[in-house]
$ cat work35.cif   # mmCIF, C-alpha atoms and all ligand atoms
data_start
#
loop_
_atom_site.label_atom_id
_atom_site.label_comp_id
_atom_site.auth_asym_id
_atom_site.auth_seq_id
_atom_site.Cartn_x
_atom_site.Cartn_y
_atom_site.Cartn_z
CA MET A 1 167.08 102.75 175.60
CA THR A 2 164.62 103.28 178.45
CA THR A 3 161.70 100.89 178.92
CA PRO A 4 158.51 102.48 177.59
CA ARG A 5 155.60 103.21 179.88
CA HIS A 6 152.51 101.27 178.79
CA PHE A 7 148.84 101.74 179.70
CA LEU A 8 147.25 98.30 179.46
CA THR A 9 145.04 98.48 182.56
CA LEU A 10 144.09 101.35 184.85
CA LEU A 11 146.44 99.89 187.49
CA ASP A 12 149.41 100.83 185.29
CA LEU A 13 149.02 104.33 186.72
CA GLY A 14 149.28 105.11 190.42
CA GLN A 15 146.72 106.93 192.53
CA ALA A 16 148.56 110.26 192.41
CA GLU A 17 149.24 109.96 188.68
CA LEU A 18 145.58 109.36 187.96
CA ALA A 19 144.55 112.34 190.07
CA THR A 20 147.05 114.51 188.18
CA LEU A 21 145.86 113.13 184.85
CA VAL A 22 142.21 113.99 185.62
CA ARG A 23 143.22 117.52 186.66
CA ARG A 24 145.17 117.89 183.41
CA ALA A 25 142.21 116.59 181.38
CA ILE A 26 139.98 119.23 182.98
CA GLU A 27 142.60 121.89 182.15
CA LEU A 28 142.94 120.70 178.52
CA LYS A 29 139.15 120.86 178.21
CA ARG A 30 139.18 124.44 179.49
CA LEU A 31 141.93 125.40 177.03
CA ARG A 32 140.01 123.88 174.14
CA HIS A 33 136.78 125.63 175.11
CA ALA A 34 138.71 128.92 175.41
CA GLY A 35 140.02 128.38 171.87
CA GLU A 36 143.64 128.20 173.04
CA ARG A 37 145.87 125.90 171.03
CA HIS A 38 148.12 123.55 172.96
CA ALA A 39 150.56 121.76 170.65
CA SER A 40 152.49 119.81 173.30
CA LEU A 41 152.99 116.78 171.00
CA GLN A 42 154.11 118.65 167.88
CA GLY A 43 155.68 116.25 165.38
CA ARG A 44 154.76 113.07 167.30
CA THR A 45 152.99 110.18 165.59
CA GLN A 46 150.54 107.59 166.91
CA ALA A 47 149.65 104.31 165.20
CA MET A 48 146.17 102.96 165.91
CA ILE A 49 145.64 99.23 165.39
CA PHE A 50 141.94 98.39 165.71
CA GLU A 51 140.70 94.80 165.39
CA LYS A 52 137.17 95.82 166.45
CA SER A 53 134.73 98.62 165.62
CA SER A 54 134.88 101.98 167.35
CA THR A 55 133.29 105.41 167.17
CA ARG A 56 134.31 107.26 170.34
CA THR A 57 137.76 105.78 170.90
CA ARG A 58 138.93 106.22 167.34
CA VAL A 59 137.59 109.75 166.92
CA SER A 60 138.89 110.93 170.30
CA PHE A 61 142.42 109.56 169.80
CA GLU A 62 142.72 110.89 166.25
CA ALA A 63 141.21 114.29 167.03
CA GLY A 64 143.14 114.53 170.29
CA MET A 65 146.51 113.83 168.70
CA ALA A 66 145.79 116.37 165.93
CA GLN A 67 144.84 119.00 168.52
CA LEU A 68 148.13 118.39 170.35
CA GLY A 69 150.05 118.96 167.10
CA GLY A 70 150.76 115.32 166.24
CA SER A 71 149.46 112.92 163.63
CA SER A 72 147.84 109.48 163.54
CA LEU A 73 147.63 106.52 161.24
CA PHE A 74 144.74 104.10 161.52
CA LEU A 75 145.28 100.42 160.72
CA SER A 76 142.52 97.82 160.52
CA PRO A 77 143.50 94.13 160.34
CA ARG A 78 142.90 94.32 156.57
CA ASP A 79 145.63 96.92 156.20
CA THR A 80 148.48 95.04 157.84
CA HIS A 81 150.08 91.61 157.67
CA LEU A 82 148.72 90.59 161.07
CA ASP A 83 145.79 88.91 159.34
CA ARG A 84 148.21 87.06 157.04
CA GLY A 85 150.23 85.55 159.84
CA GLU A 86 152.94 88.10 160.64
CA PRO A 87 153.62 87.59 164.36
CA VAL A 88 152.39 90.30 166.73
CA GLU A 89 155.92 90.52 168.16
CA ASP A 90 157.38 91.36 164.72
CA MET A 91 154.77 94.03 164.06
CA ALA A 92 155.56 95.56 167.44
CA ARG A 93 159.30 95.59 166.75
CA VAL A 94 158.75 97.21 163.35
CA THR A 95 156.05 99.81 164.02
CA SER A 96 157.56 100.94 167.30
CA ARG A 97 160.72 101.94 165.42
CA MET A 98 158.62 104.35 163.35
CA VAL A 99 156.05 106.00 165.64
CA ASP A 100 155.96 107.44 169.16
CA VAL A 101 152.93 105.65 170.63
CA ILE A 102 150.71 102.73 169.61
CA VAL A 103 147.00 102.52 170.47
CA ILE A 104 145.49 99.03 170.15
CA ARG A 105 141.91 97.72 170.28
CA ALA A 106 142.21 93.95 170.27
CA ASN A 107 140.07 90.84 170.50
CA GLN A 108 142.45 89.27 173.02
CA HIS A 109 144.11 91.11 175.90
CA ALA A 110 147.07 88.75 175.49
CA MET A 111 147.71 90.24 172.05
CA VAL A 112 148.17 93.73 173.55
CA GLU A 113 150.46 92.31 176.23
CA ARG A 114 152.58 90.53 173.62
CA PHE A 115 152.72 93.65 171.50
CA ALA A 116 153.74 95.82 174.47
CA ALA A 117 156.45 93.38 175.51
CA HIS A 118 158.19 93.93 172.15
CA SER A 119 157.45 97.62 171.61
CA GLN A 120 160.03 100.36 171.99
CA VAL A 121 157.30 102.96 172.56
CA PRO A 122 154.27 103.20 174.87
CA VAL A 123 151.30 100.97 174.05
CA ILE A 124 147.78 102.05 175.04
CA ASN A 125 144.95 99.54 175.46
CA ALA A 126 141.96 100.98 173.59
CA LEU A 127 139.74 98.05 174.70
CA THR A 128 140.17 94.33 174.92
CA GLU A 129 137.73 91.64 176.02
CA LEU A 130 139.15 92.09 179.54
CA HIS A 131 139.72 95.82 180.11
CA HIS A 132 138.80 99.29 178.85
CA PRO A 133 141.02 101.60 180.90
CA CYS A 134 140.74 104.68 178.61
CA GLN A 135 136.99 104.70 179.24
CA LEU A 136 137.56 104.97 182.98
CA LEU A 137 139.81 108.01 182.63
CA ALA A 138 136.88 109.86 181.04
CA ASP A 139 134.36 108.38 183.48
CA MET A 140 136.34 109.49 186.53
CA GLN A 141 136.84 112.95 185.03
CA THR A 142 133.06 113.18 184.46
CA TRP A 143 132.13 112.05 187.98
CA ILE A 144 134.62 114.44 189.55
CA GLU A 145 133.50 117.36 187.35
CA HIS A 146 129.89 116.80 188.37
CA ARG A 147 130.29 115.93 192.04
CA GLY A 148 133.77 116.87 193.30
CA ALA A 149 135.76 114.43 195.45
CA ILE A 150 134.73 110.79 194.94
CA ALA A 151 136.79 108.95 197.57
CA GLY A 152 134.46 107.16 199.97
CA ARG A 153 131.52 107.33 197.54
CA ARG A 154 129.52 104.41 196.17
CA ALA A 155 128.87 103.37 192.59
CA ALA A 156 126.69 100.50 191.37
CA TRP A 157 127.53 98.50 188.26
CA ILE A 158 124.39 96.81 186.93
CA GLY A 159 124.48 94.07 184.26
CA ASP A 160 127.38 92.20 182.69
CA GLY A 161 130.67 91.68 184.57
CA ASN A 162 132.55 92.62 181.41
CA ASN A 163 135.64 94.55 180.27
CA VAL A 164 134.24 97.94 181.31
CA CYS A 165 133.15 96.49 184.66
CA HIS A 166 136.71 95.24 185.25
CA SER A 167 138.08 98.72 184.62
CA TRP A 168 135.46 100.18 187.00
CA ILE A 169 136.75 97.75 189.64
CA HIS A 170 140.27 99.07 189.05
CA ALA A 171 138.94 102.62 189.30
CA ALA A 172 137.36 101.83 192.67
CA MET A 173 140.77 100.61 193.88
CA ARG A 174 142.65 103.67 192.62
CA PHE A 175 140.08 106.42 193.37
CA GLY A 176 138.97 105.01 196.75
CA PHE A 177 135.25 104.44 196.21
CA THR A 178 133.17 101.27 196.65
CA LEU A 179 131.73 99.50 193.61
CA ALA A 180 128.68 97.29 194.11
CA VAL A 181 128.39 94.92 191.14
CA ALA A 182 125.03 93.29 190.37
CA THR A 183 125.11 90.59 187.70
CA PRO A 184 123.04 87.51 186.90
CA LYS A 185 124.59 84.22 188.01
CA GLY A 186 127.23 83.14 185.51
CA TYR A 187 128.05 86.71 184.41
CA ALA A 188 130.11 87.90 187.39
CA PRO A 189 133.34 89.79 186.76
CA ASP A 190 136.64 87.87 186.63
CA ALA A 191 137.29 86.26 190.01
CA ALA A 192 140.98 87.23 190.14
CA ILE A 193 140.22 90.88 189.39
CA VAL A 194 137.55 90.88 192.10
CA ALA A 195 139.83 89.16 194.62
CA ALA A 196 142.62 91.70 194.01
CA ALA A 197 140.19 94.56 194.68
CA GLY A 198 139.45 93.44 198.27
CA LYS A 199 136.87 95.67 199.96
CA ALA A 200 136.63 98.06 197.01
CA VAL A 201 134.13 95.73 195.35
CA GLU A 202 130.94 94.02 196.53
CA LEU A 203 129.20 91.35 194.44
CA THR A 204 125.48 90.60 194.39
CA ASN A 205 122.83 89.17 192.07
CA ASP A 206 120.28 91.76 193.22
CA PRO A 207 120.32 95.02 191.21
CA HIS A 208 118.08 96.82 193.72
CA HIS A 209 120.43 95.92 196.54
CA ALA A 210 123.44 97.22 194.56
CA ALA A 211 121.68 100.45 193.61
CA ALA A 212 120.55 101.29 197.15
CA GLY A 213 122.14 104.59 198.24
CA ALA A 214 124.52 104.75 195.24
CA ASP A 215 126.05 108.00 193.99
CA VAL A 216 126.39 106.61 190.47
CA ILE A 217 124.53 103.92 188.54
CA VAL A 218 126.48 102.54 185.59
CA THR A 219 125.72 99.90 183.01
CA ASP A 220 126.85 98.69 179.57
CA THR A 221 125.55 96.63 176.69
CA TRP A 222 124.46 93.08 177.53
CA ALA A 223 126.37 91.64 174.54
CA SER A 224 129.84 93.02 173.96
CA MET A 225 131.66 92.94 170.64
CA GLY A 226 132.36 89.28 169.84
CA GLN A 227 129.32 88.04 171.82
CA GLU A 228 126.69 88.86 169.18
CA HIS A 229 125.79 85.16 168.84
CA GLU A 230 124.78 85.09 172.54
CA LYS A 231 122.40 88.05 172.21
CA ALA A 232 119.12 86.13 172.67
CA GLU A 233 120.18 84.13 175.73
CA ARG A 234 121.77 87.21 177.29
CA ALA A 235 118.62 89.29 176.72
CA LYS A 236 116.74 86.69 178.78
CA ALA A 237 119.30 86.50 181.59
CA PHE A 238 119.74 90.27 181.85
CA ALA A 239 116.09 91.40 181.60
CA PRO A 240 115.82 91.98 185.41
CA TYR A 241 118.98 94.12 185.23
CA ARG A 242 117.62 96.88 182.98
CA VAL A 243 118.32 100.32 184.44
CA ASP A 244 114.94 102.05 184.60
CA ARG A 245 113.41 104.80 186.70
CA ALA A 246 112.48 102.39 189.48
CA LEU A 247 116.10 101.26 189.80
CA MET A 248 117.39 104.85 189.67
CA ALA A 249 114.95 105.69 192.48
CA ARG A 250 116.83 103.26 194.76
CA ALA A 251 119.99 105.36 194.43
CA LYS A 252 120.62 108.78 196.01
CA PRO A 253 118.27 111.47 194.67
CA ASP A 254 121.20 113.24 192.95
CA ALA A 255 122.76 110.01 191.61
CA LEU A 256 124.34 110.17 188.16
CA PHE A 257 123.66 107.67 185.40
CA MET A 258 126.69 106.62 183.34
CA HIS A 259 127.21 104.38 180.29
CA CYS A 260 130.29 104.07 178.08
CA LEU A 261 128.11 103.90 174.93
CA PRO A 262 127.01 102.66 172.49
CA ALA A 263 123.74 102.20 174.41
CA TYR A 264 120.73 100.16 173.42
CA ARG A 265 117.59 101.95 174.61
CA GLY A 266 114.98 99.54 175.95
CA HIS A 267 117.58 96.84 176.62
CA GLU A 268 120.18 97.61 179.33
CA VAL A 269 118.70 101.08 179.95
CA THR A 270 115.36 102.71 179.30
CA ALA A 271 115.27 105.77 177.05
CA ASP A 272 113.89 107.96 179.84
CA VAL A 273 116.96 107.24 182.01
CA LEU A 274 119.55 107.49 179.21
CA ASP A 275 118.05 110.74 177.92
CA GLY A 276 116.92 111.96 181.35
CA PRO A 277 118.23 114.61 183.76
CA GLN A 278 120.49 112.28 185.79
CA SER A 279 122.33 110.98 182.74
CA VAL A 280 125.83 112.35 182.04
CA VAL A 281 126.60 110.03 179.14
CA TRP A 282 127.31 112.80 176.61
CA ASP A 283 129.79 114.47 178.96
CA GLU A 284 131.36 111.05 179.51
CA ALA A 285 131.75 110.51 175.76
CA GLY A 286 133.08 114.04 175.21
CA ASN A 287 135.61 113.63 177.99
CA ARG A 288 137.22 110.74 176.13
CA LEU A 289 138.94 113.45 174.09
CA HIS A 290 140.35 115.42 177.00
CA ALA A 291 141.29 112.46 179.21
CA GLN A 292 143.16 110.69 176.40
CA LYS A 293 145.01 113.89 175.47
CA ALA A 294 146.18 114.02 179.07
CA LEU A 295 147.18 110.34 178.84
CA LEU A 296 149.17 110.91 175.63
CA GLU A 297 150.98 113.84 177.25
CA LEU A 298 151.79 111.75 180.31
CA LEU A 299 153.11 108.75 178.37
CA LEU A 300 155.04 110.84 175.83
CA ALA A 301 156.51 113.33 178.29
CA ARG A 302 160.22 113.74 177.55
CA THR A 303 162.27 113.35 180.67
N1 LIG B 401 132.89 103.65 174.67
C1 LIG B 401 133.64 103.30 173.60
O1 LIG B 401 134.79 102.87 173.71
O2 LIG B 401 133.04 103.50 172.39
P1 LIG B 401 133.59 103.04 170.97
O3 LIG B 401 133.48 101.55 170.92
O4 LIG B 401 132.66 103.73 170.00
O5 LIG B 401 135.01 103.48 170.81
N1 LIG B 402 131.57 96.14 176.60
C1 LIG B 402 131.50 96.76 175.31
C2 LIG B 402 132.08 98.14 175.37
C3 LIG B 402 132.04 98.91 174.07
C4 LIG B 402 132.70 100.25 174.19
C5 LIG B 402 132.23 95.91 174.28
O1 LIG B 402 133.31 95.39 174.61
O2 LIG B 402 131.74 95.75 173.18
#
$ encode --input "work35.cif" --output "structure tokens"
Amino acid sequence: MTTPRHFLTLLDLGQAELATLVRRAIELKRLRHAGERHASLQGRTQAMIFEKSSTRTRVSFEAGMAQLGGSSLFLSPRDTHLDRGEPVEDMARVTSRMVDVIVIRANQHAMVERFAAHSQVPVINALTELHHPCQLLADMQTWIEHRGAIAGRRAAWIGDGNNVCHSWIHAAMRFGFTLAVATPKGYAPDAAIVAAAGKAVELTNDPHHAAAGADVIVTDTWASMGQEHEKAERAKAFAPYRVDRALMARAKPDALFMHCLPAYRGHEVTADVLDGPQSVVWDEAGNRLHAQKALLELLLART
């Protein structure tokens, strides 16, 4: 049996593969808008194991697989024996004998790694506390659709050095742009991830410095899933990092505003920016569908 191809971080795909994937996502979007059916995964099945809430990721994977001719089954911790002590490794061995791909949203990145190590089929990381690579496929598609080539460009991440920030750092490495990351002290992205990115990433505590001359401004919630108890202290620490019109004005005049959503208007971003003319957040969310269809095709391609 061949070793399955997993997608646990964005770095699991090479530069050329990612470029091809984004082109394919744009093509799949065109086909869908033209009303042309494309059942490339007829008869294939995906299992979706979600330990945390989701709107976009769940809907886009389920709808995407259906549109490609396959089917999905959704499993919350309540529905399986994982919550009752069945080892992750055993669940991986069992489910991967029954389905063609397994999509996991987990509290701990280590859980997805353990699962993948014992799976006979590809495992896709649908968000962990450390990475959100599927989000970046859609984000890169969106940036490229709006602005063309992005190598050599500059994006500014404002706020928490979290899972989505880590995947933006990986995107900077793979797509050849620079990411300026502005966080409060104590909320910087993971030091090892930053170190591995070399010159692709620049760290600062000054949001206005990061935003200066940027082609894209991107942010995310100040309290990720699992950090709800830290909400009040985070709101205090992050208040100077809200993306508002003044911050957007530091970037290039045609800069895009991006956010993976869900967004909290008046907290990490003001309503006039999120709902304003520079915001591409709805395209970003919609592209989750097309980018993940391209990912499923890539990982399930029969050789
Ligand atoms: N951006 C994102 O992954 O959204 P969901 O949590 O709704 O899936
Ligand atoms: N950083 C957020 C992203 C949600 C899509 C979280 O992990 O909750």
$ residues_around --input "work35.cif" --residues "Ala66 of chain A" --least-positions-apart "5" --cutoff "12 Å" --atoms "only C-alpha atoms" --output "CSV table (one decimal) with C-alpha atoms, keeping the file's coordinate frame"
chain,number,residue,atom,x,y,z
A,37,ARG,CA,145.9,125.9,171.0
A,38,HIS,CA,148.1,123.6,173.0
A,39,ALA,CA,150.6,121.8,170.6
A,40,SER,CA,152.5,119.8,173.3
A,41,LEU,CA,153.0,116.8,171.0
A,42,GLN,CA,154.1,118.6,167.9
A,43,GLY,CA,155.7,116.2,165.4
A,44,ARG,CA,154.8,113.1,167.3
A,45,THR,CA,153.0,110.2,165.6
A,46,GLN,CA,150.5,107.6,166.9
A,59,VAL,CA,137.6,109.8,166.9
A,60,SER,CA,138.9,110.9,170.3
A,61,PHE,CA,142.4,109.6,169.8
A,71,SER,CA,149.5,112.9,163.6
A,72,SER,CA,147.8,109.5,163.5
A,73,LEU,CA,147.6,106.5,161.2
A,289,LEU,CA,138.9,113.4,174.1
A,293,LYS,CA,145.0,113.9,175.5
A,296,LEU,CA,149.2,110.9,175.6
$ residues_near_ligand --input "work35.cif" --ligand "ligand LIG 402 (chain B)" --cutoff "9 Å" --atoms "all atoms listed in the file" --output "tab-separated table (two decimals) with C-alpha atoms, keeping the file's coordinate frame"
chain	number	residue	atom	x	y	z
A	52	LYS	CA	137.17	95.82	166.45
A	53	SER	CA	134.73	98.62	165.62
A	54	SER	CA	134.88	101.98	167.35
A	55	THR	CA	133.29	105.41	167.17
A	56	ARG	CA	134.31	107.26	170.34
A	57	THR	CA	137.76	105.78	170.90
A	127	LEU	CA	139.74	98.05	174.70
A	128	THR	CA	140.17	94.33	174.92
A	129	GLU	CA	137.73	91.64	176.02
A	130	LEU	CA	139.15	92.09	179.54
A	131	HIS	CA	139.72	95.82	180.11
A	132	HIS	CA	138.80	99.29	178.85
A	135	GLN	CA	136.99	104.70	179.24
A	160	ASP	CA	127.38	92.20	182.69
A	162	ASN	CA	132.55	92.62	181.41
A	163	ASN	CA	135.64	94.55	180.27
A	164	VAL	CA	134.24	97.94	181.31
A	165	CYS	CA	133.15	96.49	184.66
A	220	ASP	CA	126.85	98.69	179.57
A	221	THR	CA	125.55	96.63	176.69
A	222	TRP	CA	124.46	93.08	177.53
A	223	ALA	CA	126.37	91.64	174.54
A	224	SER	CA	129.84	93.02	173.96
A	225	MET	CA	131.66	92.94	170.64
A	226	GLY	CA	132.36	89.28	169.84
A	227	GLN	CA	129.32	88.04	171.82
A	260	CYS	CA	130.29	104.07	178.08
A	261	LEU	CA	128.11	103.90	174.93
A	262	PRO	CA	127.01	102.66	172.49
A	263	ALA	CA	123.74	102.20	174.41
$ closest_residue --input "work35.cif" --among "A:Leu136, A:Ala188, A:Leu75, A:Ala212" --to "Trp168 of chain A" --atoms "all atoms listed in the file"
A:Leu136
$ closest_residue --input "work35.cif" --among "A:Val123, A:Leu295, A:Ile104, A:Ala200" --to "ligand LIG 401 (chain B)" --atoms "all atoms listed in the file"
A:Ile104
$ atom_distance --input "work35.cif" --atom1 "atom CA of Asp244 of chain A" --atom2 "atom CA of Thr270 of chain A"
5.4 Å
$ atom_distance --input "work35.cif" --atom1 "atom CA of His166 of chain A" --atom2 "atom CA of Asp83 of chain A"
28.2 Å
$ residues_around --input "work35.cif" --residues "segment 276-286 of chain A" --least-positions-apart "3" --cutoff "10 Å" --atoms "all atoms listed in the file" --output "PyMOL selection string"
chain A and resi 29+56-57+60+135-143+145-146+216-218+245+248+253-263+270-273+289-291
$ closest_residue --input "work35.cif" --among "A:Ala211, A:Ile158, A:Ala106, A:Ala195" --to "ligand LIG 401 (chain B)" --atoms "all atoms listed in the file"
A:Ala106
$ residues_near_point --input "work35.cif" --point "(134.0, 103.1, 202.2)" --cutoff "7 Å" --atoms "all atoms listed in the file" --output "list of chain:residue names"
A:Gly152, A:Arg153, A:Phe177, A:Thr178
$ residues_around --input "work35.cif" --residues "segment 9-14 of chain A" --least-positions-apart "5" --cutoff "7 Å" --atoms "only C-alpha atoms" --output "ChimeraX atom specification"
/A:131,133,167,170-171
$ closest_residue --input "work35.cif" --among "A:Ala126, A:Met98, A:Leu18, A:Ala155" --to "ligand LIG 401 (chain B)" --atoms "only C-alpha atoms and all ligand atoms"
A:Ala126
$ atom_distance --input "work35.cif" --atom1 "atom CA of Asn125 of chain A" --atom2 "atom CA of Glu86 of chain A"
20.4 Å
$ closest_residue --input "work35.cif" --among "A:Cys134, A:Ile193, A:Leu274, A:Ala232" --to "ligand LIG 401 (chain B)" --atoms "only C-alpha atoms and all ligand atoms"
A:Cys134
$ build_atoms --input "work35.cif" --residues "segment 176-185 of chain A" --atoms "all heavy atoms" --output "mmCIF file, keeping the file's coordinate frame"
data_model
loop_
_atom_site.group_PDB
_atom_site.id
_atom_site.type_symbol
_atom_site.label_atom_id
_atom_site.label_comp_id
_atom_site.auth_asym_id
_atom_site.auth_seq_id
_atom_site.Cartn_x
_atom_site.Cartn_y
_atom_site.Cartn_z
ATOM 1 N N GLY A 176 139.416 105.127 195.349
ATOM 2 C CA GLY A 176 138.970 105.010 196.750
ATOM 3 C C GLY A 176 137.474 105.035 196.956
ATOM 4 O O GLY A 176 136.990 105.445 198.009
ATOM 5 N N PHE A 177 136.692 104.569 195.981
ATOM 6 C CA PHE A 177 135.250 104.440 196.210
ATOM 7 C C PHE A 177 134.880 102.948 196.247
ATOM 8 O O PHE A 177 135.711 102.087 195.941
ATOM 9 C CB PHE A 177 134.437 105.200 195.152
ATOM 10 C CG PHE A 177 134.622 104.729 193.730
ATOM 11 C CD1 PHE A 177 133.821 103.741 193.177
ATOM 12 C CD2 PHE A 177 135.597 105.313 192.910
ATOM 13 C CE1 PHE A 177 133.981 103.318 191.864
ATOM 14 C CE2 PHE A 177 135.772 104.899 191.590
ATOM 15 C CZ PHE A 177 134.967 103.896 191.066
ATOM 16 N N THR A 178 133.646 102.659 196.624
ATOM 17 C CA THR A 178 133.170 101.270 196.650
ATOM 18 C C THR A 178 132.315 101.024 195.415
ATOM 19 O O THR A 178 131.486 101.863 195.059
ATOM 20 C CB THR A 178 132.322 101.030 197.917
ATOM 21 O OG1 THR A 178 133.129 101.349 199.053
ATOM 22 C CG2 THR A 178 131.873 99.572 198.018
ATOM 23 N N LEU A 179 132.528 99.880 194.781
ATOM 24 C CA LEU A 179 131.730 99.500 193.610
ATOM 25 C C LEU A 179 130.907 98.272 193.962
ATOM 26 O O LEU A 179 131.455 97.204 194.249
ATOM 27 C CB LEU A 179 132.634 99.200 192.415
ATOM 28 C CG LEU A 179 131.888 98.888 191.116
ATOM 29 C CD1 LEU A 179 131.233 100.141 190.540
ATOM 30 C CD2 LEU A 179 132.826 98.273 190.072
ATOM 31 N N ALA A 180 129.582 98.441 193.944
ATOM 32 C CA ALA A 180 128.680 97.290 194.110
ATOM 33 C C ALA A 180 128.357 96.782 192.707
ATOM 34 O O ALA A 180 127.938 97.557 191.852
ATOM 35 C CB ALA A 180 127.414 97.726 194.826
ATOM 36 N N VAL A 181 128.591 95.505 192.476
ATOM 37 C CA VAL A 181 128.390 94.920 191.140
ATOM 38 C C VAL A 181 127.236 93.936 191.195
ATOM 39 O O VAL A 181 127.291 92.952 191.932
ATOM 40 C CB VAL A 181 129.674 94.190 190.670
ATOM 41 C CG1 VAL A 181 129.453 93.523 189.320
ATOM 42 C CG2 VAL A 181 130.856 95.158 190.594
ATOM 43 N N ALA A 182 126.182 94.208 190.426
ATOM 44 C CA ALA A 182 125.030 93.290 190.370
ATOM 45 C C ALA A 182 124.967 92.651 189.000
ATOM 46 O O ALA A 182 124.762 93.333 187.988
ATOM 47 C CB ALA A 182 123.738 94.049 190.648
ATOM 48 N N THR A 183 125.168 91.337 188.962
ATOM 49 C CA THR A 183 125.110 90.590 187.700
ATOM 50 C C THR A 183 124.224 89.361 187.897
ATOM 51 O O THR A 183 124.061 88.879 189.021
ATOM 52 C CB THR A 183 126.508 90.069 187.285
ATOM 53 O OG1 THR A 183 126.927 89.095 188.252
ATOM 54 C CG2 THR A 183 127.528 91.188 187.206
ATOM 55 N N PRO A 184 123.692 88.820 186.793
ATOM 56 C CA PRO A 184 123.040 87.510 186.900
ATOM 57 C C PRO A 184 124.097 86.460 187.230
ATOM 58 O O PRO A 184 125.290 86.672 186.959
ATOM 59 C CB PRO A 184 122.483 87.259 185.497
ATOM 60 C CG PRO A 184 122.611 88.536 184.744
ATOM 61 C CD PRO A 184 123.678 89.347 185.414
ATOM 62 N N LYS A 185 123.644 85.320 187.754
ATOM 63 C CA LYS A 185 124.590 84.220 188.010
ATOM 64 C C LYS A 185 125.233 83.804 186.689
ATOM 65 O O LYS A 185 124.565 83.752 185.658
ATOM 66 C CB LYS A 185 123.836 83.027 188.611
ATOM 67 C CG LYS A 185 123.430 83.264 190.040
ATOM 68 C CD LYS A 185 123.166 81.952 190.790
ATOM 69 C CE LYS A 185 122.920 82.207 192.257
ATOM 70 N NZ LYS A 185 121.606 82.811 192.542
#
